[in-house]
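J.: Below you'll find the structure I mean.
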Amino acid sequence: MESTVTFINDIIWSNALILLCLGAGIYFSVTTRFLQVRYVREMVKLLFGGKTSDKGVSSFQAFAIAISGRVGTGNIAGVATAIAMGGPGAVFWMWAIAFLGASSAFIEATLGQIYKQVQDGQYRGGPAFYIEKGLGIRWYALLFAGATILSTALFLPGVQSNSIALSAKAAFDIPVEITGAAVTALLALIIFGGVKRIGQVAEVVVPFMAGAYILMALVVIALNITQVPAVLGLIIRSAFDIEPAFAGIFGMAVSWGVKRGIYSNEAGQGTAPHAAAAAETSHPVKQGLVQAFSVYVDTLFVCTATALMILFTGQYNVVNPAGGFIVENVPGLAIGSEFTQAAINTHFPSLGSGFVAIALLFFAFTTIMAYYYIAETNLSYLLSNSNNKWLVQALRVMIMAATFYGSIKTAALAWTIGDIGVGMMAWLNIIAIFLLRKPAFKAFKDYEEQRKAGLDPVFHPKKLGIENTDEWEG
């Protein structure tokens with residue numbers, strides 16, 4: 001099974017997908033005149049400006065749901081894996097895909113808002129919706145919805161629960177079966193409460209978990225402040241194959257940096273538009289900007305915090321593609337969250353394992369919550385207006401089973417299956433948002449013109465020639 005899964009993953013994650021992700025980020029950055037730089041202040045302002053309604057969540061709740069999906073095990077174990085497989089230079093390529101990907105995230109989130117609709121009394125939207133309404137290609141939309149349900153309900157939850165279980169085993173010697181059962185039971189309490197409960201939990205838990213983790217990282221950085229220039233230099237030199245110690249693995253640095261960057265921040269993957277569509281807002285671009293900022297929070301803040309802690313303390317190994325290790329600073333240390341645990345233990349003996357285990361619990365659990373929301377949204381799309389509640393219940397059981405199974409299977413298999421899920425969605429979504437770029441560009445131009453006129457932008461799609469936007473026209 002593992003050889004088959006690896007074979008499929010190698011096909012999906014060929015250089016073509018990496019070039020597609022980088023190319024899309026460059027294209028959208030240039031065509032929007034690098035909005036991810038020009039509108040940073042506006043992003044923060046809009047983050048706290050929206051309100052809830054009977055049909056939608058607030059901008060901040062939608063942001064929190066999206067961050068729940070973005071900030072997960074990829075921010076701890078994923079960063080460590082990128083360094084282990086691609087050297088310190090992989091961190092630079094994670095930054096690059098985050099910076100460029102913020103523009104892709106803006107486009108997909110804006111499209112999610114433009115083509116949202118009301119189902120079951122609440123806003124629903126995402127790639128399946130904008131593919132059908134914007135492109136008019138029903139089979140493509142069905143393909144994305146099916147691939148997304150497979151990915152978010154079966155393939156991806158196991159990565160998160162596996163990391164929770166392994167870190168709890170390492171820190172507190174709790175059997176993985178016990179951890180898996182506890183996480184699954186807690187998940188049931190939340191997902192059976194519906195989308196509103198997910199938003200309510202996310203807006204409380206997400207700021208707390210991200211803030212506590214970044215605070216710990218700042219303490220470690222402060223204790224190593226004199227090393228900042230040297231570590232940044234190491235990252236940049238390694239990224240371009242200049243650092244002698246990591247010469248010859250440029251391709252691995254790019255590949256693993258982009259792969260783990262996309263896995264972590266999900267820019268262009270097609271997950272965040274589901275949360276973006278749920279927001280109550282007066283103009284799609286407002287939520288597009290908020291979601292672009294969430295990419296920065298994920299990678300430039302949380303992932304960077306992990307990377308600096310690991311590199312400052314030297315608690316990492318780098319695998320040689322030809323066999324053995326290029327650098328083996330910590331013999332016998334497994335690749336993953338153990339790097340981060342060892343880094344914190346360097347300054348706070350006996351604290352690192354427990355702190356990382358608890359951080360992973362919050363990070364990964366909220367990500368599984370977001371996965372369920374995305375899976376339910378796509379199931380709702382497939383069912384249209386039919387009332388098949390038993391299918392929703394079946395979906396809940398399926399994601400709970402995948403969560404428990406993921407906690408007891410091997411880490412390598414869990415990550416490879418997760419990568420397949422991310423890759424499938426990225427291929428389908430990036431092609432779709434490129435084909436649908438014109439409605440997003442029209443909305444962005446309209447937003448800029450209204451702001452220049454001193455107005456609080458309000459969206460009128462008919463004036464812009466954008467069709468199939470029934471919710472906005474109503």
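Every chain in the structure tokens takes a letter, A first, then B, and so on in the order presented; its residues are numbered from 1, and the ligands are numbered from 1 following the presented order.
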Contacts of stretch 184-191 of chain A at 9 Å or less, counting only C-alpha atoms, minus same-chain residues fewer than 3 places along, as a list in words?
T.: Ser161, Thr179, Gly180, Ala181, Gly194, Val195, Arg197, Ile198, Val201, Phe365, Ile368, Met369, Tyr372, Tyr373, Arg396, Val397, Ile399, Met400, Ala401, Thr403 and Phe404 of chain A
J.: Output C-alpha atoms for every residue in the selection just made, as a PDB file, in the first residue's frame.
T.:
```
ATOM      1  CA  SER A 161      -4.513  13.312  14.379  1.00  0.00           C
ATOM      2  CA  THR A 179      -5.373   9.985  22.224  1.00  0.00           C
ATOM      3  CA  GLY A 180      -7.123   9.067  18.986  1.00  0.00           C
ATOM      4  CA  ALA A 181     -10.336   8.153  20.805  1.00  0.00           C
ATOM      5  CA  GLY A 194     -23.025  22.614  12.823  1.00  0.00           C
ATOM      6  CA  VAL A 195     -21.145  25.392  11.056  1.00  0.00           C
ATOM      7  CA  ARG A 197     -20.507  26.235  16.380  1.00  0.00           C
ATOM      8  CA  ILE A 198     -17.327  25.694  14.351  1.00  0.00           C
ATOM      9  CA  VAL A 201     -15.070  27.720  18.671  1.00  0.00           C
ATOM     10  CA  PHE A 365      -7.642  19.801  16.109  1.00  0.00           C
ATOM     11  CA  ILE A 368      -9.741  18.922  11.466  1.00  0.00           C
ATOM     12  CA  MET A 369     -12.730  21.127  12.376  1.00  0.00           C
ATOM     13  CA  TYR A 372     -15.181  18.956   8.261  1.00  0.00           C
ATOM     14  CA  TYR A 373     -16.686  22.337   7.388  1.00  0.00           C
ATOM     15  CA  ARG A 396     -19.496  13.041  10.102  1.00  0.00           C
ATOM     16  CA  VAL A 397     -18.927   9.371  10.879  1.00  0.00           C
ATOM     17  CA  ILE A 399     -14.272  12.019   9.162  1.00  0.00           C
ATOM     18  CA  MET A 400     -14.366  10.715  12.730  1.00  0.00           C
ATOM     19  CA  ALA A 401     -13.221   7.270  11.527  1.00  0.00           C
ATOM     20  CA  THR A 403      -9.335  10.894  12.445  1.00  0.00           C
ATOM     21  CA  PHE A 404      -9.093   7.848  14.693  1.00  0.00           C
TER      22      PHE A 404
END
```
J.: Any idea what's packed within 7 Å of A:Ala90, counting only C-alpha atoms, ignoring anything in its chain fewer than 2 positions away? Could you give it as a list in words?
T.: Ala82, Ile83, Gly86, Gly87, Pro88, Phe92, Trp93, Met94, Ala239, Ala253, Val254, Trp256 and Gly257 of chain A
J.: So that I can check the surroundings of stretch 310-316 of chain A, please list as a list of chain:residue names every protein, DNA and RNA residue that reaches within 7 Å of it, counting only C-alpha atoms and ignoring chain neighbours fewer than 4 positions away.
T.: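 Within the cut-off, the hits are A:Ala84, A:Asn224, A:Gln227, A:Val231, A:Thr306, A:Asn329, A:Val330, A:Phe339, A:Thr340, A:Ala342, A:Ala343, A:Thr346.
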J.: Would you put the residues from that selection into a file with C-alpha atoms, as a PDB file, in the first residue's frame?
T.:
```
ATOM      1  CA  ALA A  84      15.106  17.816   7.182  1.00  0.00           C
ATOM      2  CA  ASN A 224      19.356  33.892  20.615  1.00  0.00           C
ATOM      3  CA  GLN A 227      22.280  34.766  15.974  1.00  0.00           C
ATOM      4  CA  VAL A 231      20.567  32.240  10.684  1.00  0.00           C
ATOM      5  CA  THR A 306       9.091  27.213  14.251  1.00  0.00           C
ATOM      6  CA  ASN A 329      23.237  17.342  14.555  1.00  0.00           C
ATOM      7  CA  VAL A 330      20.958  15.129  16.619  1.00  0.00           C
ATOM      8  CA  PHE A 339      12.853  18.858  16.100  1.00  0.00           C
ATOM      9  CA  THR A 340      10.648  21.569  17.610  1.00  0.00           C
ATOM     10  CA  ALA A 342      14.161  19.405  21.129  1.00  0.00           C
ATOM     11  CA  ALA A 343      14.634  23.094  20.215  1.00  0.00           C
ATOM     12  CA  THR A 346      17.382  23.364  24.755  1.00  0.00           C
TER      13      THR A 346
END
```
J.: Excluding A:Phe48 and its own-chain neighbours fewer than 4 positions away, which residues fall within 8 Å of it when counting only C-alpha atoms? Please give them as a list in words.
T.: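 In the requested form, the answer reads Val44, Ser59 and Phe60 of chain A.
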J.: Kindly save the residues from that selection, with N, CA and C atoms included, as a PDB file, in the first residue's frame.
T.:
```pdb
ATOM      1  N   VAL A  44      -5.730  44.350   7.811  1.00  0.00           N
ATOM      2  CA  VAL A  44      -5.884  44.326   9.273  1.00  0.00           C
ATOM      3  C   VAL A  44      -7.143  45.082   9.689  1.00  0.00           C
ATOM      4  N   SER A  59     -16.478  38.665   9.468  1.00  0.00           N
ATOM      5  CA  SER A  59     -15.197  38.571   8.757  1.00  0.00           C
ATOM      6  C   SER A  59     -14.149  37.885   9.613  1.00  0.00           C
ATOM      7  N   PHE A  60     -14.150  38.217  10.918  1.00  0.00           N
ATOM      8  CA  PHE A  60     -13.155  37.613  11.798  1.00  0.00           C
ATOM      9  C   PHE A  60     -13.423  36.128  12.002  1.00  0.00           C
TER      10      PHE A  60
END
```
J.: When distances are computed from only C-alpha atoms, which of A:Thr81, A:Ser264, A:Thr271, A:Ser163 shows the smallest separation from A:Leu428?
T.: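 So, comparing all the options, the nearest one is A:Thr271.
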J.: Find the residues near A:Lys442: any atom within 12 Å, counting only C-alpha atoms, skip ones fewer than 4 places away on the same chain, and give them as number ranges by chain.
T.: A: 31-32, 107, 110-111, 114, 284-285, 436-438, 446-449, 459-466
J.: Find the residues around A:Trp95 up to 12 Å (only C-alpha atoms counted), leave out those fewer than 4 positions away in its own chain, and share them as number ranges by chain.
T.: A: 22, 79, 88-91, 99-102, 235-236, 239, 254, 257-262, 264-265, 295-304, 307
J.: Deliver the residues from the most recent selection as a file, using N, CA and C atoms, as a CSV table (one decimal), in the first residue's frame.
T.:
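Below you can see out_5.csv, which holds the result:
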```
chain,number,residue,atom,x,y,z
A,22,LEU,N,3.9,28.3,-8.2
A,22,LEU,CA,4.8,29.5,-8.3
A,22,LEU,C,4.3,30.4,-9.4
A,79,VAL,N,7.2,22.1,9.0
A,79,VAL,CA,8.4,23.0,8.9
A,79,VAL,C,9.6,22.1,9.2
A,88,PRO,N,18.0,24.2,5.4
A,88,PRO,CA,17.5,25.5,5.9
A,88,PRO,C,16.9,26.3,4.7
A,89,GLY,N,17.4,26.1,3.5
A,89,GLY,CA,17.0,26.9,2.4
A,89,GLY,C,15.5,26.7,2.1
A,90,ALA,N,14.9,25.5,2.5
A,90,ALA,CA,13.5,25.3,2.3
A,90,ALA,C,12.6,26.3,2.9
A,91,VAL,N,13.1,26.9,4.0
A,91,VAL,CA,12.4,28.0,4.7
A,91,VAL,C,12.2,29.2,3.8
A,99,PHE,N,4.4,34.6,0.2
A,99,PHE,CA,4.3,35.9,-0.4
A,99,PHE,C,3.5,35.9,-1.7
A,100,LEU,N,3.9,35.1,-2.6
A,100,LEU,CA,3.3,35.0,-3.9
A,100,LEU,C,1.9,34.4,-3.7
A,101,GLY,N,1.7,33.4,-2.8
A,101,GLY,CA,0.4,32.7,-2.7
A,101,GLY,C,-0.6,33.6,-2.1
A,102,ALA,N,-0.2,34.7,-1.4
A,102,ALA,CA,-1.2,35.6,-0.8
A,102,ALA,C,-2.1,36.2,-1.9
A,235,ILE,N,19.8,30.7,5.8
A,235,ILE,CA,18.6,30.3,5.1
A,235,ILE,C,18.7,30.8,3.6
A,236,ILE,N,19.1,32.0,3.4
A,236,ILE,CA,19.2,32.6,2.1
A,236,ILE,C,20.3,31.9,1.2
A,239,ALA,N,19.1,28.5,0.3
A,239,ALA,CA,18.0,28.6,-0.7
A,239,ALA,C,18.5,28.6,-2.1
A,254,VAL,N,13.7,23.8,-3.0
A,254,VAL,CA,12.6,24.4,-3.6
A,254,VAL,C,11.4,23.5,-3.5
A,257,GLY,N,10.2,23.1,0.2
A,257,GLY,CA,9.7,24.4,0.7
A,257,GLY,C,8.3,24.8,0.1
A,258,VAL,N,8.2,24.6,-1.2
A,258,VAL,CA,6.9,24.8,-1.8
A,258,VAL,C,5.8,23.9,-1.4
A,259,LYS,N,6.2,22.6,-1.3
A,259,LYS,CA,5.2,21.5,-0.9
A,259,LYS,C,4.7,21.8,0.5
A,260,ARG,N,5.6,21.9,1.4
A,260,ARG,CA,5.2,22.1,2.8
A,260,ARG,C,4.6,23.5,3.0
A,261,GLY,N,5.1,24.5,2.2
A,261,GLY,CA,4.5,25.8,2.3
A,261,GLY,C,3.0,25.8,1.9
A,262,ILE,N,2.7,25.1,0.8
A,262,ILE,CA,1.3,25.0,0.3
A,262,ILE,C,0.5,24.2,1.3
A,264,SER,N,0.9,24.0,4.4
A,264,SER,CA,0.6,24.8,5.6
A,264,SER,C,-0.3,25.9,5.3
A,265,ASN,N,0.0,26.8,4.4
A,265,ASN,CA,-0.8,28.0,4.2
A,265,ASN,C,-2.0,27.8,3.2
A,295,VAL,N,-2.7,34.1,5.1
A,295,VAL,CA,-1.5,33.4,4.6
A,295,VAL,C,-0.3,33.9,5.3
A,296,TYR,N,-0.2,35.2,5.5
A,296,TYR,CA,0.9,35.8,6.3
A,296,TYR,C,0.9,35.3,7.7
A,297,VAL,N,-0.2,35.3,8.3
A,297,VAL,CA,-0.2,34.8,9.7
A,297,VAL,C,0.3,33.4,9.8
A,298,ASP,N,-0.1,32.5,8.9
A,298,ASP,CA,0.3,31.1,8.9
A,298,ASP,C,1.8,31.0,8.7
A,299,THR,N,2.3,31.5,7.6
A,299,THR,CA,3.7,31.2,7.2
A,299,THR,C,4.7,32.2,7.7
A,300,LEU,N,4.4,33.5,7.5
A,300,LEU,CA,5.4,34.5,7.9
A,300,LEU,C,5.5,34.6,9.4
A,301,PHE,N,4.5,34.3,10.1
A,301,PHE,CA,4.5,34.3,11.6
A,301,PHE,C,4.8,33.0,12.2
A,302,VAL,N,3.8,32.1,12.1
A,302,VAL,CA,3.9,30.8,12.8
A,302,VAL,C,4.9,29.9,12.2
A,303,CYS,N,5.0,29.7,10.9
A,303,CYS,CA,6.0,28.8,10.4
A,303,CYS,C,7.4,29.3,10.6
A,304,THR,N,7.6,30.6,10.4
A,304,THR,CA,8.9,31.2,10.7
A,304,THR,C,9.3,31.1,12.1
A,307,ALA,N,10.7,27.6,12.4
A,307,ALA,CA,11.9,27.4,11.7
A,307,ALA,C,13.1,28.1,12.5
```
J.: Could you name the residues that touch A:Ile12 at 12 Å or less, counting only C-alpha atoms, but leaving out those on the same chain fewer than 6 positions away, as a list in words?
T.: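 My list of contacting residues is Val5, Thr6, Ile18, Leu20, Lys259, Thr416, Ile417, Gly418, Asp419, Ile420, Gly421, Val422, Gly423, Met424, Met425, Ala426, Trp427 and Leu428 of chain A.
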J.: Kindly save the residues from that selection, with C-alpha atoms included, as a PDB file, in the first residue's frame.
T.:
```pdb
ATOM      1  CA  VAL A   5       0.523   5.702  -2.331  1.00  0.00           C
ATOM      2  CA  THR A   6       4.071   6.986  -2.879  1.00  0.00           C
ATOM      3  CA  ILE A  18       5.365  23.265  -8.151  1.00  0.00           C
ATOM      4  CA  LEU A  20       2.059  25.900 -11.523  1.00  0.00           C
ATOM      5  CA  LYS A 259       5.221  21.539  -0.947  1.00  0.00           C
ATOM      6  CA  THR A 416       1.954  10.940   1.918  1.00  0.00           C
ATOM      7  CA  ILE A 417      -1.819  10.417   1.799  1.00  0.00           C
ATOM      8  CA  GLY A 418      -2.290  13.996   2.988  1.00  0.00           C
ATOM      9  CA  ASP A 419      -0.003  15.304   0.253  1.00  0.00           C
ATOM     10  CA  ILE A 420      -2.101  13.496  -2.353  1.00  0.00           C
ATOM     11  CA  GLY A 421      -5.203  15.263  -1.038  1.00  0.00           C
ATOM     12  CA  VAL A 422      -3.540  18.683  -1.120  1.00  0.00           C
ATOM     13  CA  GLY A 423      -2.117  18.083  -4.601  1.00  0.00           C
ATOM     14  CA  MET A 424      -5.427  16.964  -6.123  1.00  0.00           C
ATOM     15  CA  MET A 425      -7.217  20.063  -4.899  1.00  0.00           C
ATOM     16  CA  ALA A 426      -4.391  22.409  -5.892  1.00  0.00           C
ATOM     17  CA  TRP A 427      -4.290  21.134  -9.490  1.00  0.00           C
ATOM     18  CA  LEU A 428      -8.048  21.554  -9.946  1.00  0.00           C
TER      19      LEU A 428
END
```
J.: Using only C-alpha atoms, which residue out of A:Glu2, A:Glu467, A:Asp173, A:Glu376 lies closest to A:Ala153?
T.: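 The shortest atom-to-atom distance to A:Ala153 comes from A:Glu376.
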J.: Between A:Ala443, A:Val176, A:Ala171, A:Met216, which one has atoms that come closest to A:Ser350, using only C-alpha atoms?
T.: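 Answer, going by the shortest atom-to-atom distance: A:Ala171.
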J.: By how many Å are atom CA of A:Ile26 and atom CA of A:Ala98 apart?
T.: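 Result for atom CA of A:Ile26 versus atom CA of A:Ala98: 11.2 Å, one decimal.
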J.: Report the residues of stretch 5-148 of chain A whose backbone DSSP state falls under helix (DSSP H, G or I), written as an MDAnalysis selection string.
T.: chainID A and resid 5:12 15:31 35:38 40:47 59:70 73:75 77:86 89:114 127:135 138:148
J.: In Å, how far is it from atom CA of A:Glu266 to atom CA of A:Tyr130?
T.: 18.0 Å
J.: Just the number, please: distance in Å from atom CA of A:Val319 to atom CA of A:Ile164, one decimal.
T.: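 Taking atom CA of A:Val319 as the start and atom CA of A:Ile164 as the end point, the length is 24.0 Å.
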J.: Return as a ChimeraX atom specification the full set of residues in stretch 80-279 of chain A whose backbone-based DSSP assignment is strand (DSSP E or B).
T.: /A:117-119,122-124,279
J.: Which residue out of A:Leu150, A:Ala80, A:Val183, A:Leu351 has the minimum interatomic distance to A:Thr366 when only C-alpha atoms are used?
T.: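 Smallest separation from A:Thr366 among the options: A:Val183.
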J.: Just checking: using only C-alpha atoms, which residue out of A:Gln291, A:Asn388, A:Thr367, A:Ser380 ends up closest to A:Gly112?
T.: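 Answer, going by the shortest atom-to-atom distance: A:Gln291.
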J.: Go through A:Ala168, A:Ile214, A:Val220, A:Ala292 one by one, measure the shortest atom-to-atom distance of each to A:Ala276 using only C-alpha atoms, and give the residue with the smallest value.
T.: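 Looking at the shortest contact to A:Ala276, the residue is A:Ala292.
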